[in-house]
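Novice: One structure follows; several queries about it will come next.
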Amino acid sequence: MAVETGIIAIGAGVAIGSAALATAWAQKTIGAAAVGAAAENEKMFGKGLIYMVLPETIVLFGLVIAFLLWTKM
Amino acid sequence: MFKPQEMQRTLIIGAKQELENTIELLHTLEVVHIIDFKPSNAEDQLHLGVPNEKASGVSQSLLKIRSSAQMLAFEREKQKVSEKLSEKQIQHDVALKIQDMELSVLSLTETKTRIEEHFRKLDERIRQLQPFVPMDISLEDYQGYDHVTVYTGYVQDLKKLTEQLPSITDEYELFTSNADDQMVALFIVKTYAEDAGKLLNDCGYTEVKLPEGTGLPKQFIEKWIEQKQELDDKLLQTTKDILEFRKRHAEFILASEEYLAIEVQKAEVPVLFGTTEHSFLIDCWIPKNQIKTVKETLEKNMQGSLYIEEIESKHDDEPPTLLKNPRPVQRFEYLLELYSLPNYRDIDPSFILSLIFPLFFGLMVGDIGYGILLILFGVLFMKAFKDSEGFSNIGWYIIIAGVFASIFGLFLFGDMFGLPFLPPLGEAGEAAYSWSTLLGIHIPIPSMIHKMEALGMTQLLVISIIAGFLHLGLGLLIGFIVERKHDWKHAITKIGLLFVLTALALLIFVMADWTIGQWIKPLKGSIVAPFLWNIFIPIVKSGFSFGGLLVPYVSLILGVLGVVMIMIVAGGFGLVEVLEVISHLMSYTRLAAICVAKAAMAFAFDMIGLGLILNGNIIIGILGVILLIFMQLMVFALGALSSGIQAVRLHYVEFFMKFYKGEGIRFNPFGYKRKYTTTE
């Protein structure tokens with residue numbers, strides 16, 4: 001039982017951790033470009049913000065999976 | 001409230017001699033959005049208008065006053081104007097006055113520049129002469145020899161120089177300053193000059209050029225410093241004079257600048273009109289509720305000499321957008337325009353934004369302590385940036401969000417700064433910290449949802465999905481309403497997506513049956529109870545098992561129906577939209593995620609801080625208090641920032657994508673917002 005719980009916990013951790021890494025990776029690139037665009041044209045701020053936060057959905061998928069695993073512990 | 005102000009396209013046609021009066025009237029009315037006239041072949045009778053002949057004169061005056069203001073380093077924002085000047089007052093000899101002012105400003109600034117220039121020159125001379133002061137030799141004595149060479153400059157190794165010079169010759173004289181900089185003046189017979197030069201180079205010699213003039217350097221410098229002092233006084237006086245001048249003319253500068261800007265605007269507006277030899281045509285948009293006033297004013301003042309026609313707008317017209325919302329909602333127009341101004345045919349979502357944005361923001365913060373902090377922060381923010389419209393609006397959003405956060409914190413989560421008021425049931429040890437146990441008094445504010453428990457987390461996820469379902473559903477409905485007139489295919493796609501969304505939401509509710517079951521219990525015995533328990537629940541719960549998951553037949557039917565509808569009208573490409581709507585629904589789980597993440601962080605910090613404070617040692621206790629305050633502020637800052645951004649995002653991305661097009665043209669009425677002048 002204890003081993004199973006541990007493995008589930010590791011799985012949950014990997015789920016959210018890797019998803020968060022993926023999000024960070026995507027945001028790194030988009031963020032840099034968005035700031036550049038906003039610096040050139042202030043009107044791009046709104047659009048830049050949207051592009052910037054788009055990848056955050058990825059980490060949420062990770063979170064939901066992690067949560068589903070957690071409830072099975 | 002949900003649509004921008006309705007616009008009427010109107011043509012105003014008249015004879016050219018009426019042009020000036022017409023412009024004058026339209027300018028005072030300030031409700032006419034003029035369309036730039038573009039000559040086309042079909043209308044080759046009409047060509048572009050030319051500016052009024054006084055335009056160039058007025059522009060020049062405006063340029064002059066702006067350059068004068070620039071030279072005076074005039075800051076418009078900092079001026080307080082007690083009374084507005086009337087246009088007639090200014091009109092009188094404005095050009096002459098500006099000319100006078102320009103001359104005075106020029107002479108003042110020129111005097112200042114001259115003094116500064118002189119000052120700089122003296123400084124430079126003093127700097128050049130300074131090294132020669134310690135030697136105390138008259139300047140004329142350094143030059144004019146036939147058989148002697150003079151070296152003046154700095155050396156790095158003075159000792160080496162004094163030791164080795166005698167080995168070259170003894171026919172020299174060396175003067176040194178006693179200061180640290182090791183300035184030397186070497187007088188040496190020309191025959192040995194070359195050797196001495198080499199030696200000097202070895203000792204790290206840097207030449208200092210001899211300044212022109214005669215006499216002792218010390219005397220010069222004393223004289224110049226005296227002169228500098230005098231110049232300093234003069235400069236002070238001139239600066240004072242400039243300030244005085246600026247103050248005295250502030251009102252005139254502001255008022256005449258405004259007056260001239262208005263005159264230029266009026267004189268140049270004919271370039272937007274179409275004209276023939278004897279007539280002009282103004283093509284414009286007028287808000288429908290203003291059209292009567294415009295017509296009446298023009299007819300009354302021009303004695304019916306203008307022809308005004310309301311023309312039907314064509315399909316490809318792009319009317320300008322003028323939003324009309326009650327005052328509290330108007331503040332949220334800024335948030336909307338940060339994304340994009342609605343176009344004329346869009347539904348104006350400002351009202352929905354003003355309700356749901358702070359609701360989401362507040363839910364994610366969901367803590368009365370942070371809620372009150374948010375309100376305070378918002379008030380400070382508005383005060384600090386009261387001159388900037390955008391920032392003061394943001395302050396306003398923060399205040400409203402703070403109110404929602406407090407309400408959720410008090411009635412739903414029952415916690416303050418991450419700590420619940422009552423200990424959660426069945427937990428022991430650390431987790432049993434609560435305001436009640438901490439303060440030793442029973443605070444009867446229960447937590448309806450415990451963020452830190454599995455059940456609470458599940459409930460929050462379900463709430464998020466419900467919020468997402470309602471929000472996206474609303475978006476799709478609006479999308480359907482907007483599209484049904486223009487593009488029936490898009491409209492049907494929206495309905496199909498709504499079906500898919502509902503199927504998905506029902507599936508998730510059935511999965512989360514055990515968490516939301518208790519919420520509908522209070523409805524037992526109410527009017528809707530028979531519908532709920534006899535019809536709705538049995539229908540939703542009848543389904544088949546798929547991999548251990550109960551899939552309701554309703555979900556299956558709605559889902560398949562939705563996908564088929566979309567496939568029929570949009571083809572295989574429509575499936576992308578189905579996937580998109582699924583991911584958008586999942587996206588709302590961020591409401592729960594941030595709510596819990598922030599609470600967990602606050603709770604963990606509370607544990608660390610309280611552990612230190614209750615440790616018994618007074619010094620560690622004080623450190624604990626400082627640490628706790630610091631950590632709480634950090635959680636507050638992070639929580640407020642991410643909650644705000646995520647709440648914005650849920651609108652900009654998930655909600656707006658369902659119906660919003662934006663990219664409207666701002667309604668820009670011909671006129672001027674007068675600040676310093678009046679027409680009376």
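FYI, nothing fancy with the structure tokens labels: chains A, B, ... in order, residues from 1 per chain, ligands from 1 as they appear.
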With only C-alpha atoms as the counted atoms, please give the residues lying no more than 10 Å from Trp70 of chain A, apart from itself and same-chain residues fewer than 3 positions off, as a list in words.

Specialist: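 Near Trp70 of chain A, the qualifying residues are Thr5, Ile8, Ala9, Gly11, Ala12, Gly13, Val64, Ile65, Ala66, Phe67 and Met73 of chain A; Ala454 of chain B.
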
Novice: Considering only C-alpha atoms, tabulate each residue of chain B that lies at most 8 Å from chain A along with its nearest interatomic pair and the corresponding distance in Å to one decimal; arrange the rows by chain and ascending residue number and present them as a Markdown table.

Specialist:
| residue | atom | partner | partner_atom | distance |
| --- | --- | --- | --- | --- |
| B:Leu338 | CA | A:Gly46 | CA | 5.3 |
| B:Tyr339 | CA | A:Gly46 | CA | 4.7 |
| B:Ser340 | CA | A:Gly46 | CA | 7.8 |
| B:Ala454 | CA | A:Thr71 | CA | 7.0 |
| B:Ser583 | CA | A:Thr57 | CA | 7.7 |
| B:Met586 | CA | A:Phe61 | CA | 7.3 |
| B:Ser587 | CA | A:Thr57 | CA | 5.6 |
| B:Thr589 | CA | A:Leu60 | CA | 6.8 |
| B:Arg590 | CA | A:Leu60 | CA | 6.5 |
| B:Ala593 | CA | A:Leu60 | CA | 7.7 |
| B:Gln646 | CA | A:Val53 | CA | 8.0 |
| B:Arg649 | CA | A:Ile50 | CA | 6.4 |
| B:Tyr652 | CA | A:Ile50 | CA | 6.8 |
| B:Val653 | CA | A:Ile50 | CA | 6.5 |

Novice: Write to file, as a PDB file, in the first residue's frame, the residues of the selection just made, with C-alpha atoms.

Specialist:
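Final file, selection_13.pdb:
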ATOM      1  CA  LEU B 338      -6.749  47.467 -23.715  1.00  0.00           C
ATOM      2  CA  TYR B 339      -7.771  44.414 -25.740  1.00  0.00           C
ATOM      3  CA  SER B 340      -9.455  46.236 -28.579  1.00  0.00           C
ATOM      4  CA  ALA B 454      -9.133  17.108  -0.924  1.00  0.00           C
ATOM      5  CA  SER B 583      -9.578  23.088 -23.627  1.00  0.00           C
ATOM      6  CA  MET B 586     -10.546  23.066 -18.681  1.00  0.00           C
ATOM      7  CA  SER B 587      -8.855  26.443 -18.643  1.00  0.00           C
ATOM      8  CA  THR B 589      -9.751  25.246 -13.490  1.00  0.00           C
ATOM      9  CA  ARG B 590      -7.192  27.996 -13.016  1.00  0.00           C
ATOM     10  CA  ALA B 593      -5.687  26.261  -8.981  1.00  0.00           C
ATOM     11  CA  GLN B 646      -5.681  35.279 -14.891  1.00  0.00           C
ATOM     12  CA  ARG B 649      -7.015  36.292 -19.440  1.00  0.00           C
ATOM     13  CA  TYR B 652      -9.564  38.112 -23.261  1.00  0.00           C
ATOM     14  CA  VAL B 653      -8.944  34.570 -24.443  1.00  0.00           C
TER      15      VAL B 653
END

Novice: Which residue gives the smallest distance to Leu216 of chain B among B:Asp36, B:Glu140, B:Glu309, B:Glu333, with only C-alpha atoms counted?

Specialist: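 Looking at the shortest contact to Leu216 of chain B, the residue is B:Glu140.
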
Novice: Which residue, B:Ser542, B:Gln143, B:Gln60, B:Ser256, has the smallest gap to Lys97 of chain B when you use only C-alpha atoms?

Specialist: B:Ser256

Novice: Once DSSP has gone over the backbone, tell me which residues of segment 107-315 of chain B are in strand (DSSP E or B), as a PyMOL selection string.

Specialist: chain B and resi 148-154+172-176+183-189+206-207+274-275+279-287+307-311

Novice: Can you pull out the residues contacting Ile126 of chain B? Cut-off 12 Å, using only C-alpha atoms, and skip same-chain residues under 2 positions away; I want them as a list in words.

Specialist: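 My reading of the contact set: Phe119, Arg120, Lys121, Leu122, Asp123, Glu124, Gln128, Leu129, Gln130, Pro131, Phe132, Val133, Pro211, Pro217, Lys218, Gln219, Phe220, Ile221, Glu222, Lys223, Trp224, Ile225, Glu226, Gln227 and Lys228 of chain B.
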
Novice: Report, in Å to a single decimal, how far apart atom CA of Ala255 of chain B and atom CA of Thr677 of chain B are.

Specialist: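 A separation of 5.7 Å between them.
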
Novice: Do you know which residues are at most 10 Å from segment 489-499 of chain B counting only C-alpha atoms, after dropping those on the same chain fewer than 3 positions away, and could you put them as a PyMOL selection string?

Specialist: chain B and resi 469+472-486+502-505+555+557-570+574-575+577-582+658-659

Novice: Would you pick out the contacts of segment 20-27 of chain B at 7 Å or less, using only C-alpha atoms, so that residues sharing its chain but fewer than 5 positions from it are not included, and give the list as a list in words?

Specialist: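 The residues satisfying every condition are Val32, Lys266, Phe670 and Gly671 of chain B.
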
Novice: Take the residues just selected and output them with N, CA and C atoms as a CSV table (one decimal), in the first residue's frame.

Specialist:
chain,number,residue,atom,x,y,z
B,32,VAL,N,-20.2,65.5,-34.3
B,32,VAL,CA,-20.2,65.1,-35.6
B,32,VAL,C,-18.8,64.4,-35.9
B,266,LYS,N,-10.1,74.3,-37.0
B,266,LYS,CA,-11.2,74.8,-37.8
B,266,LYS,C,-10.7,75.1,-39.2
B,670,PHE,N,-15.9,66.2,-34.2
B,670,PHE,CA,-15.2,67.4,-34.5
B,670,PHE,C,-15.5,68.4,-33.4
B,671,GLY,N,-14.4,68.9,-32.8
B,671,GLY,CA,-14.6,69.8,-31.6
B,671,GLY,C,-13.4,69.8,-30.8

Novice: So what do you get for atom CA of Ala602 of chain B versus atom CA of Ser447 of chain B, distance-wise?

Specialist: 16.3 Å

Novice: Tell me, which residues of segment 442-630 of chain B carry DSSP helix (DSSP H, G or I), written as an NGL selection string?

Specialist: :B and (454-486 or 488-511 or 513-523 or 529-541 or 553-587 or 590-613 or 618-630)

Novice: How would the residues just picked look written out with C-alpha atoms as a short mmCIF file (atom, residue, chain, number, x, y, z; two decimals), in the first residue's frame?

Specialist:
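Wrote again27.cif, looks like this:
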data_model
loop_
_atom_site.label_atom_id
_atom_site.label_comp_id
_atom_site.auth_asym_id
_atom_site.auth_seq_id
_atom_site.Cartn_x
_atom_site.Cartn_y
_atom_site.Cartn_z
CA ALA B 454 -9.13 17.11 -0.92
CA LEU B 455 -12.90 17.61 -0.71
CA GLY B 456 -12.56 21.37 -0.76
CA MET B 457 -10.24 21.21 -3.74
CA THR B 458 -12.72 19.04 -5.63
CA GLN B 459 -15.54 21.41 -4.78
CA LEU B 460 -13.50 24.33 -6.02
CA LEU B 461 -12.74 22.50 -9.26
CA VAL B 462 -16.45 21.88 -9.76
CA ILE B 463 -17.21 25.53 -9.03
CA SER B 464 -14.58 26.49 -11.60
CA ILE B 465 -16.13 24.23 -14.21
CA ILE B 466 -19.58 25.62 -13.47
CA ALA B 467 -18.23 29.16 -13.77
CA GLY B 468 -16.52 28.20 -17.00
CA PHE B 469 -19.66 26.56 -18.37
CA LEU B 470 -21.79 29.62 -17.62
CA HIS B 471 -19.19 32.08 -18.88
CA LEU B 472 -18.42 30.22 -22.09
CA GLY B 473 -22.11 29.45 -22.60
CA LEU B 474 -22.88 33.15 -22.33
CA GLY B 475 -20.11 33.90 -24.79
CA LEU B 476 -21.42 31.36 -27.28
CA LEU B 477 -24.97 32.66 -26.91
CA ILE B 478 -23.80 36.21 -27.58
CA GLY B 479 -21.80 34.86 -30.50
CA PHE B 480 -24.95 33.26 -31.89
CA ILE B 481 -26.93 36.49 -31.47
CA VAL B 482 -24.25 38.52 -33.24
CA GLU B 483 -23.69 36.05 -36.07
CA ARG B 484 -27.27 35.02 -36.83
CA LYS B 485 -27.81 38.11 -38.98
CA HIS B 486 -24.52 38.04 -40.87
CA TRP B 488 -25.79 31.60 -40.43
CA LYS B 489 -23.00 29.05 -40.73
CA HIS B 490 -21.07 30.64 -37.89
CA ALA B 491 -24.27 30.95 -35.90
CA ILE B 492 -24.96 27.23 -36.22
CA THR B 493 -21.38 26.43 -35.25
CA LYS B 494 -21.91 28.42 -32.06
CA ILE B 495 -25.02 26.39 -31.22
CA GLY B 496 -23.14 23.16 -31.94
CA LEU B 497 -20.34 24.26 -29.64
CA LEU B 498 -22.89 25.12 -26.97
CA PHE B 499 -24.22 21.53 -27.23
CA VAL B 500 -20.72 20.09 -26.90
CA LEU B 501 -20.00 22.36 -23.97
CA THR B 502 -23.19 21.32 -22.18
CA ALA B 503 -22.46 17.63 -22.80
CA LEU B 504 -19.00 18.05 -21.33
CA ALA B 505 -20.23 20.00 -18.33
CA LEU B 506 -22.92 17.37 -17.56
CA LEU B 507 -20.32 14.62 -17.78
CA ILE B 508 -18.12 16.41 -15.28
CA PHE B 509 -21.05 17.06 -12.93
CA VAL B 510 -21.96 13.39 -12.93
CA MET B 511 -18.34 12.54 -12.19
CA ASP B 513 -21.74 13.81 -8.08
CA TRP B 514 -20.62 13.25 -4.48
CA THR B 515 -19.28 16.76 -4.13
CA ILE B 516 -22.14 18.78 -5.52
CA GLY B 517 -24.89 16.47 -4.30
CA GLN B 518 -24.89 18.21 -0.94
CA TRP B 519 -25.30 21.67 -2.50
CA ILE B 520 -28.66 20.87 -4.01
CA LYS B 521 -29.98 19.25 -0.85
CA PRO B 522 -31.41 22.53 0.51
CA LEU B 523 -33.60 22.65 -2.60
CA ALA B 529 -37.67 19.83 -6.27
CA PRO B 530 -40.02 17.60 -8.33
CA PHE B 531 -38.36 18.76 -11.53
CA LEU B 532 -34.89 18.17 -10.13
CA TRP B 533 -35.38 14.77 -8.53
CA ASN B 534 -38.03 13.32 -10.80
CA ILE B 535 -36.87 14.54 -14.19
CA PHE B 536 -33.47 16.22 -14.29
CA ILE B 537 -31.40 13.91 -12.07
CA PRO B 538 -32.76 10.62 -13.47
CA ILE B 539 -32.15 11.83 -17.01
CA VAL B 540 -28.64 12.98 -16.27
CA LYS B 541 -27.81 9.87 -14.28
CA TYR B 553 -26.98 9.38 -22.51
CA VAL B 554 -27.83 13.10 -22.58
CA SER B 555 -24.15 13.95 -22.83
CA LEU B 556 -23.66 11.45 -25.58
CA ILE B 557 -26.63 12.71 -27.58
CA LEU B 558 -25.79 16.39 -27.13
CA GLY B 559 -22.13 15.81 -27.89
CA VAL B 560 -22.74 13.81 -31.06
CA LEU B 561 -25.44 16.26 -32.19
CA GLY B 562 -23.15 19.20 -31.63
CA VAL B 563 -20.22 17.66 -33.48
CA VAL B 564 -22.44 16.62 -36.40
CA MET B 565 -23.91 20.12 -36.68
CA ILE B 566 -20.46 21.64 -36.75
CA MET B 567 -19.15 19.08 -39.26
CA ILE B 568 -22.05 19.78 -41.60
CA VAL B 569 -21.64 23.55 -41.69
CA ALA B 570 -17.91 23.93 -41.13
CA GLY B 571 -16.49 20.62 -42.36
CA GLY B 572 -13.64 18.75 -40.71
CA PHE B 573 -12.00 22.02 -39.77
CA GLY B 574 -14.82 22.64 -37.31
CA LEU B 575 -13.42 19.85 -35.13
CA VAL B 576 -10.62 22.21 -34.16
CA GLU B 577 -13.23 24.44 -32.58
CA VAL B 578 -14.63 21.47 -30.66
CA LEU B 579 -11.20 20.74 -29.24
CA GLU B 580 -10.78 24.40 -28.48
CA VAL B 581 -13.99 24.62 -26.49
CA ILE B 582 -12.94 21.55 -24.45
CA SER B 583 -9.58 23.09 -23.63
CA HIS B 584 -11.24 26.40 -22.83
CA LEU B 585 -13.55 24.75 -20.32
CA MET B 586 -10.55 23.07 -18.68
CA SER B 587 -8.85 26.44 -18.64
CA ARG B 590 -7.19 28.00 -13.02
CA LEU B 591 -9.76 29.61 -10.75
CA ALA B 592 -9.40 26.68 -8.34
CA ALA B 593 -5.69 26.26 -8.98
CA ILE B 594 -4.69 29.81 -8.08
CA CYS B 595 -7.14 29.96 -5.21
CA VAL B 596 -5.59 26.83 -3.64
CA ALA B 597 -1.99 27.56 -4.58
CA LYS B 598 -2.16 30.97 -2.97
CA ALA B 599 -3.90 29.63 0.12
CA ALA B 600 -1.38 26.78 0.45
CA MET B 601 1.51 29.19 0.22
CA ALA B 602 -0.05 31.51 2.81
CA PHE B 603 -0.84 28.55 5.09
CA ALA B 604 2.69 27.19 4.87
CA PHE B 605 4.16 30.60 5.70
CA ASP B 606 1.70 30.95 8.58
CA MET B 607 2.92 27.62 9.98
CA ILE B 608 6.56 28.72 9.75
CA GLY B 609 5.86 32.16 11.21
CA LEU B 610 3.57 30.96 14.01
CA GLY B 611 6.01 28.19 14.87
CA LEU B 612 8.67 30.84 15.47
CA ILE B 613 6.36 33.27 17.27
CA ILE B 618 11.23 36.54 22.69
CA ILE B 619 13.94 37.39 20.12
CA ILE B 620 12.99 34.51 17.86
CA GLY B 621 9.38 35.59 18.38
CA ILE B 622 10.08 39.13 17.14
CA LEU B 623 12.03 37.76 14.17
CA GLY B 624 9.06 35.49 13.50
CA VAL B 625 6.67 38.45 13.42
CA ILE B 626 8.88 40.34 10.95
CA LEU B 627 9.31 37.25 8.80
CA LEU B 628 5.59 36.51 8.85
CA ILE B 629 4.67 40.05 7.79
CA PHE B 630 7.21 39.94 4.98
#

Novice: Write out as a PyMOL selection string the residues lying within 9 Å of Lys112 of chain B, counting only C-alpha atoms and excluding same-chain residues fewer than 3 positions away.

Specialist: chain B and resi 107-109+115-117+234-235+238-239

Novice: Suppose you want the space between atom CA of Leu62 of chain B and atom CA of Phe74 of chain B; what is it in Å?

Specialist: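 It comes out at 14.9 Å.
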